[in-house]
Amino acid sequence: DAAREFVVTNEFGSTVEKAGGTALNASTGYDLTTYFYQLPSNKLELWAYLESERFQNPVMREFYTVRDVVIEERRMRTDSSPIGRLLEEFLAAAYLGHPYGRPVVGYRSDLDEFTRAEAMELYQTYYVPSNIVIGMAGDVDPEEVREYAEKYFGDWKAGPVPPRVRTIEPEQRGERRVVIRDPGQPFLLMAYHKPAGDHEDSPAYDVLTTLLANSRSSRLHSRLVKDEKKAVAVGAITQIPGEQYPGLVLTFVVPSKGVGAGECEAAVLEEIDAIATNGVDADELAGVKTRMKADFVRQARSNIGMLRGLVGEEVLWGDWRAALAYPFEIDAVTSEDLQRIAQETFVESNRTVGYIITEEEGEDDAS
């Protein structure tokens, strides 16, 4: 405790802010950890100096203070959140062997016992040049960027390539269900295993989830939210838990008051079956593609939004240019593609279902 008087709290963040920096933050997912902020273009050398020091010579002097913050974040997002608890148990049920079934932040007991020495070991394993991608966008001169990169990062010693996950998730051979009772809001999760993000069908999965639940004109939103008013929100995700390894195509529904999760599940299954049986109308498919390409352009309008796509492709697949091909890949998806992957993927034995049911709902609502 006596050493605390020599600690300048958040000195890195204060330095960035004094230089005109904004949006300083970081995020951790199953596939990668991202650090990002924005600085005026005339602070390029300051950026290079700060980042070279941060990642080559970390001190972690307030490690246990920050660890306590992470424990509190886990408490708020998972332990005290019915949906957070459901998602944690849901992924554990969907993945029996692969690390995708474990929470990114770890369990409370992991955090309680996590030490500064273990953090340094993790840093030395994964924070090596061969495992780091730096992206930059804005009013900068590429030659000047190269000059500062060589000056401040040039002596960074290469380390061993970090180990990859060896476990391959076994094929799921039967439907799995997770039910949580809570007096609050009912909730439905439904997911099916799908290939990794570099599979040729990945754009088709993105189109399928957009058509199914990811816009106000999607099938589930039109049916459950607008027409039948059985839900207040619907959505679908294809990049969960991650993309580097085989993941899930997930649909969620927030039922309206007085509507059980089971009733919404039946509607989701009907819409999925309709795609598998009948395919998709050409006009409907064209509309979905137009919206997806518009969303792609909107994301690229900001420097951070553009970099997320470019850097993500470089980290996961080793080619940032692949991000630029996405609109063309969307255009190439056909109704036959959607019908085929629906028939192959959306089968009962490949399905995991999660419910939050209220005390008023009976056992029949959870089966």
# chains A, B, ... in the order shown; residues from 1 in each chain; ligands from 1

$ residues_around --residues "Gly247 of chain A" --least-positions-apart "3" --cutoff "9 Å" --atoms "only C-alpha atoms" --output "ChimeraX atom specification"
/A:100,192-197,238-244

$ write_last_selection --atoms "all heavy atoms" --output "mmCIF file, in the first residue's frame"
data_model
loop_
_atom_site.group_PDB
_atom_site.id
_atom_site.type_symbol
_atom_site.label_atom_id
_atom_site.label_comp_id
_atom_site.auth_asym_id
_atom_site.auth_seq_id
_atom_site.Cartn_x
_atom_site.Cartn_y
_atom_site.Cartn_z
ATOM 1 N N TYR A 100 -14.533 -22.328 -27.035
ATOM 2 C CA TYR A 100 -15.658 -21.432 -27.292
ATOM 3 C C TYR A 100 -16.782 -21.614 -26.269
ATOM 4 O O TYR A 100 -17.648 -20.755 -26.124
ATOM 5 C CB TYR A 100 -16.219 -21.679 -28.692
ATOM 6 C CG TYR A 100 -15.518 -20.931 -29.809
ATOM 7 C CD1 TYR A 100 -15.835 -21.200 -31.145
ATOM 8 C CD2 TYR A 100 -14.560 -19.953 -29.558
ATOM 9 C CE1 TYR A 100 -15.215 -20.515 -32.194
ATOM 10 C CE2 TYR A 100 -13.933 -19.272 -30.594
ATOM 11 C CZ TYR A 100 -14.263 -19.550 -31.912
ATOM 12 O OH TYR A 100 -13.657 -18.878 -32.933
ATOM 13 N N TYR A 192 -27.356 -23.191 -34.002
ATOM 14 C CA TYR A 192 -26.926 -24.376 -34.744
ATOM 15 C C TYR A 192 -25.434 -24.226 -35.071
ATOM 16 O O TYR A 192 -24.982 -23.129 -35.414
ATOM 17 C CB TYR A 192 -27.704 -24.511 -36.046
ATOM 18 C CG TYR A 192 -29.200 -24.663 -35.886
ATOM 19 C CD1 TYR A 192 -30.015 -23.556 -35.696
ATOM 20 C CD2 TYR A 192 -29.805 -25.921 -35.943
ATOM 21 C CE1 TYR A 192 -31.393 -23.691 -35.557
ATOM 22 C CE2 TYR A 192 -31.181 -26.066 -35.816
ATOM 23 C CZ TYR A 192 -31.967 -24.944 -35.620
ATOM 24 O OH TYR A 192 -33.327 -25.074 -35.482
ATOM 25 N N HIS A 193 -24.700 -25.312 -34.988
ATOM 26 C CA HIS A 193 -23.286 -25.277 -35.347
ATOM 27 C C HIS A 193 -23.113 -25.011 -36.843
ATOM 28 O O HIS A 193 -23.902 -25.490 -37.668
ATOM 29 C CB HIS A 193 -22.607 -26.602 -34.985
ATOM 30 C CG HIS A 193 -22.458 -26.809 -33.514
ATOM 31 N ND1 HIS A 193 -21.401 -26.312 -32.790
ATOM 32 C CD2 HIS A 193 -23.257 -27.441 -32.610
ATOM 33 C CE1 HIS A 193 -21.540 -26.634 -31.520
ATOM 34 N NE2 HIS A 193 -22.661 -27.329 -31.391
ATOM 35 N N LYS A 194 -22.079 -24.235 -37.183
ATOM 36 C CA LYS A 194 -21.775 -23.909 -38.573
ATOM 37 C C LYS A 194 -20.264 -23.877 -38.760
ATOM 38 O O LYS A 194 -19.506 -23.878 -37.787
ATOM 39 C CB LYS A 194 -22.375 -22.555 -38.948
ATOM 40 C CG LYS A 194 -21.677 -21.362 -38.327
ATOM 41 C CD LYS A 194 -22.171 -20.061 -38.911
ATOM 42 C CE LYS A 194 -21.303 -18.888 -38.478
ATOM 43 N NZ LYS A 194 -19.918 -18.979 -38.978
ATOM 44 N N PRO A 195 -19.774 -23.829 -40.019
ATOM 45 C CA PRO A 195 -18.329 -23.808 -40.258
ATOM 46 C C PRO A 195 -17.676 -22.506 -39.791
ATOM 47 O O PRO A 195 -18.353 -21.521 -39.480
ATOM 48 C CB PRO A 195 -18.228 -23.952 -41.782
ATOM 49 C CG PRO A 195 -19.543 -24.490 -42.223
ATOM 50 C CD PRO A 195 -20.554 -23.962 -41.258
ATOM 51 N N ALA A 196 -16.345 -22.498 -39.777
ATOM 52 C CA ALA A 196 -15.577 -21.312 -39.399
ATOM 53 C C ALA A 196 -15.778 -20.190 -40.424
ATOM 54 O O ALA A 196 -16.315 -20.399 -41.519
ATOM 55 C CB ALA A 196 -14.095 -21.660 -39.274
ATOM 56 N N GLY A 197 -15.313 -19.011 -40.067
ATOM 57 C CA GLY A 197 -15.571 -17.828 -40.873
ATOM 58 C C GLY A 197 -14.915 -17.802 -42.236
ATOM 59 O O GLY A 197 -15.298 -16.995 -43.092
ATOM 60 N N THR A 238 -24.097 -14.431 -36.594
ATOM 61 C CA THR A 238 -23.316 -15.523 -37.173
ATOM 62 C C THR A 238 -21.893 -15.588 -36.623
ATOM 63 O O THR A 238 -21.220 -16.595 -36.786
ATOM 64 C CB THR A 238 -23.232 -15.399 -38.705
ATOM 65 O OG1 THR A 238 -22.702 -14.113 -39.044
ATOM 66 C CG2 THR A 238 -24.585 -15.576 -39.347
ATOM 67 N N GLN A 239 -21.411 -14.526 -35.986
ATOM 68 C CA GLN A 239 -20.036 -14.514 -35.480
ATOM 69 C C GLN A 239 -19.992 -14.804 -33.984
ATOM 70 O O GLN A 239 -19.326 -14.117 -33.215
ATOM 71 C CB GLN A 239 -19.358 -13.161 -35.758
ATOM 72 C CG GLN A 239 -19.102 -12.877 -37.215
ATOM 73 C CD GLN A 239 -20.296 -12.248 -37.907
ATOM 74 O OE1 GLN A 239 -21.124 -11.622 -37.271
ATOM 75 N NE2 GLN A 239 -20.382 -12.409 -39.215
ATOM 76 N N ILE A 240 -20.714 -15.803 -33.557
ATOM 77 C CA ILE A 240 -20.729 -16.149 -32.143
ATOM 78 C C ILE A 240 -20.419 -17.629 -31.974
ATOM 79 O O ILE A 240 -20.938 -18.447 -32.742
ATOM 80 C CB ILE A 240 -22.098 -15.795 -31.508
ATOM 81 C CG1 ILE A 240 -22.041 -15.961 -29.984
ATOM 82 C CG2 ILE A 240 -23.234 -16.600 -32.087
ATOM 83 C CD1 ILE A 240 -23.224 -15.363 -29.249
ATOM 84 N N PRO A 241 -19.567 -18.039 -31.044
ATOM 85 C CA PRO A 241 -18.760 -17.170 -30.189
ATOM 86 C C PRO A 241 -17.647 -16.434 -30.949
ATOM 87 O O PRO A 241 -17.181 -15.397 -30.513
ATOM 88 C CB PRO A 241 -18.155 -18.144 -29.176
ATOM 89 C CG PRO A 241 -18.992 -19.371 -29.247
ATOM 90 C CD PRO A 241 -19.437 -19.447 -30.678
ATOM 91 N N GLY A 242 -17.173 -17.015 -32.063
ATOM 92 C CA GLY A 242 -16.106 -16.407 -32.840
ATOM 93 C C GLY A 242 -16.148 -16.911 -34.266
ATOM 94 O O GLY A 242 -17.073 -17.611 -34.685
ATOM 95 N N GLU A 243 -15.099 -16.557 -35.037
ATOM 96 C CA GLU A 243 -15.033 -16.929 -36.444
ATOM 97 C C GLU A 243 -13.845 -17.823 -36.781
ATOM 98 O O GLU A 243 -13.855 -18.517 -37.780
ATOM 99 C CB GLU A 243 -14.945 -15.672 -37.306
ATOM 100 C CG GLU A 243 -16.151 -14.780 -37.270
ATOM 101 C CD GLU A 243 -16.006 -13.639 -38.245
ATOM 102 O OE1 GLU A 243 -16.309 -13.839 -39.442
ATOM 103 O OE2 GLU A 243 -15.572 -12.551 -37.818
ATOM 104 N N GLN A 244 -12.807 -17.788 -35.958
ATOM 105 C CA GLN A 244 -11.585 -18.510 -36.298
ATOM 106 C C GLN A 244 -11.790 -20.021 -36.336
ATOM 107 O O GLN A 244 -11.129 -20.736 -37.092
ATOM 108 C CB GLN A 244 -10.480 -18.154 -35.297
ATOM 109 C CG GLN A 244 -9.101 -18.615 -35.732
ATOM 110 C CD GLN A 244 -8.006 -18.011 -34.873
ATOM 111 O OE1 GLN A 244 -8.249 -17.523 -33.784
ATOM 112 N NE2 GLN A 244 -6.774 -18.042 -35.367
#

$ select_by_dssp --residues "segment 37-279 of chain A" --states "strand (DSSP E or B)" --output "PyMOL selection string"
chain A and resi 37-38+176-181+187-193+231-240+248-255

$ closest_residue --among "A:Ala137, A:Leu96, A:Met76, A:Leu44" --to "Leu310 of chain A" --atoms "only C-alpha atoms"
A:Ala137

$ closest_residue --among "A:Asn131, A:Thr209, A:Gln56, A:Thr115" --to "Lys157 of chain A" --atoms "only C-alpha atoms"
A:Gln56

$ select_by_dssp --residues "segment 61-171 of chain A" --states "helix (DSSP H, G or I)" --output "PyMOL selection string"
chain A and resi 63-79+82-94+99-101+108-113+116-126+129-131+142-153

$ residues_around --residues "segment 328-342 of chain A" --least-positions-apart "5" --cutoff "9 Å" --atoms "only C-alpha atoms" --output "list in words"
Asp201, Pro203, Ala204, Tyr205, Asp206, Val207, Leu208, Ile272, Asp273, Ile275, Ala276, Thr277, Asn278, Gly279, Val280, Asp281, Ala282, Leu285, Ala286, Lys289, Thr290, Met292, Lys293 and Val347 of chain A

$ closest_residue --among "A:Tyr123, A:Phe296, A:Phe153, A:Phe187" --to "Val59 of chain A" --atoms "only C-alpha atoms"
A:Tyr123

$ residues_around --residues "Glu228 of chain A" --least-positions-apart "4" --cutoff "12 Å" --atoms "only C-alpha atoms" --output "list of chain:residue names"
A:Arg219, A:Leu220, A:His221, A:Ser222, A:Arg223, A:Leu224, A:Val232, A:Pro255, A:Ser256, A:Val259, A:Glu263, A:Cys264, A:Ala267

$ closest_residue --among "A:Ala149, A:Leu316, A:Ala92, A:Leu50" --to "Tyr245 of chain A" --atoms "only C-alpha atoms"
A:Leu316

$ residues_around --residues "Glu147 of chain A" --least-positions-apart "6" --cutoff "12 Å" --atoms "only C-alpha atoms" --output "list in words"
Leu44, Glu45, Ala48, Val140, Asp141, Phe153 and Gly154 of chain A

$ write_last_selection --atoms "C-alpha atoms" --output "PDB file, in the first residue's frame"
ATOM      1  CA  LEU A  44       1.757  10.225 -35.005  1.00  0.00           C
ATOM      2  CA  GLU A  45       5.162   9.995 -33.329  1.00  0.00           C
ATOM      3  CA  ALA A  48       4.303   5.258 -31.926  1.00  0.00           C
ATOM      4  CA  VAL A 140      -1.216  10.137 -42.387  1.00  0.00           C
ATOM      5  CA  ASP A 141       1.713   9.668 -44.752  1.00  0.00           C
ATOM      6  CA  PHE A 153       9.117  -1.000 -33.022  1.00  0.00           C
ATOM      7  CA  GLY A 154      12.169  -2.074 -35.043  1.00  0.00           C
TER       8      GLY A 154
END

$ closest_residue --among "A:Ala23, A:Leu122, A:Val16, A:Ile83" --to "Glu51 of chain A" --atoms "only C-alpha atoms"
A:Val16

$ atom_distance --atom1 "atom CA of Val69 of chain A" --atom2 "atom CA of Met120 of chain A"
18.3 Å

$ closest_residue --among "A:Val288, A:Arg166, A:Tyr152, A:Arg108" --to "Glu53 of chain A" --atoms "only C-alpha atoms"
A:Tyr152

$ residues_around --residues "Glu284 of chain A" --least-positions-apart "6" --cutoff "10 Å" --atoms "only C-alpha atoms" --output "ChimeraX atom specification"
/A:211,217-218,335

$ residues_around --residues "Arg67 of chain A" --least-positions-apart "4" --cutoff "8 Å" --atoms "only C-alpha atoms" --output "VMD selection string"
chain A and resid 63 71 111
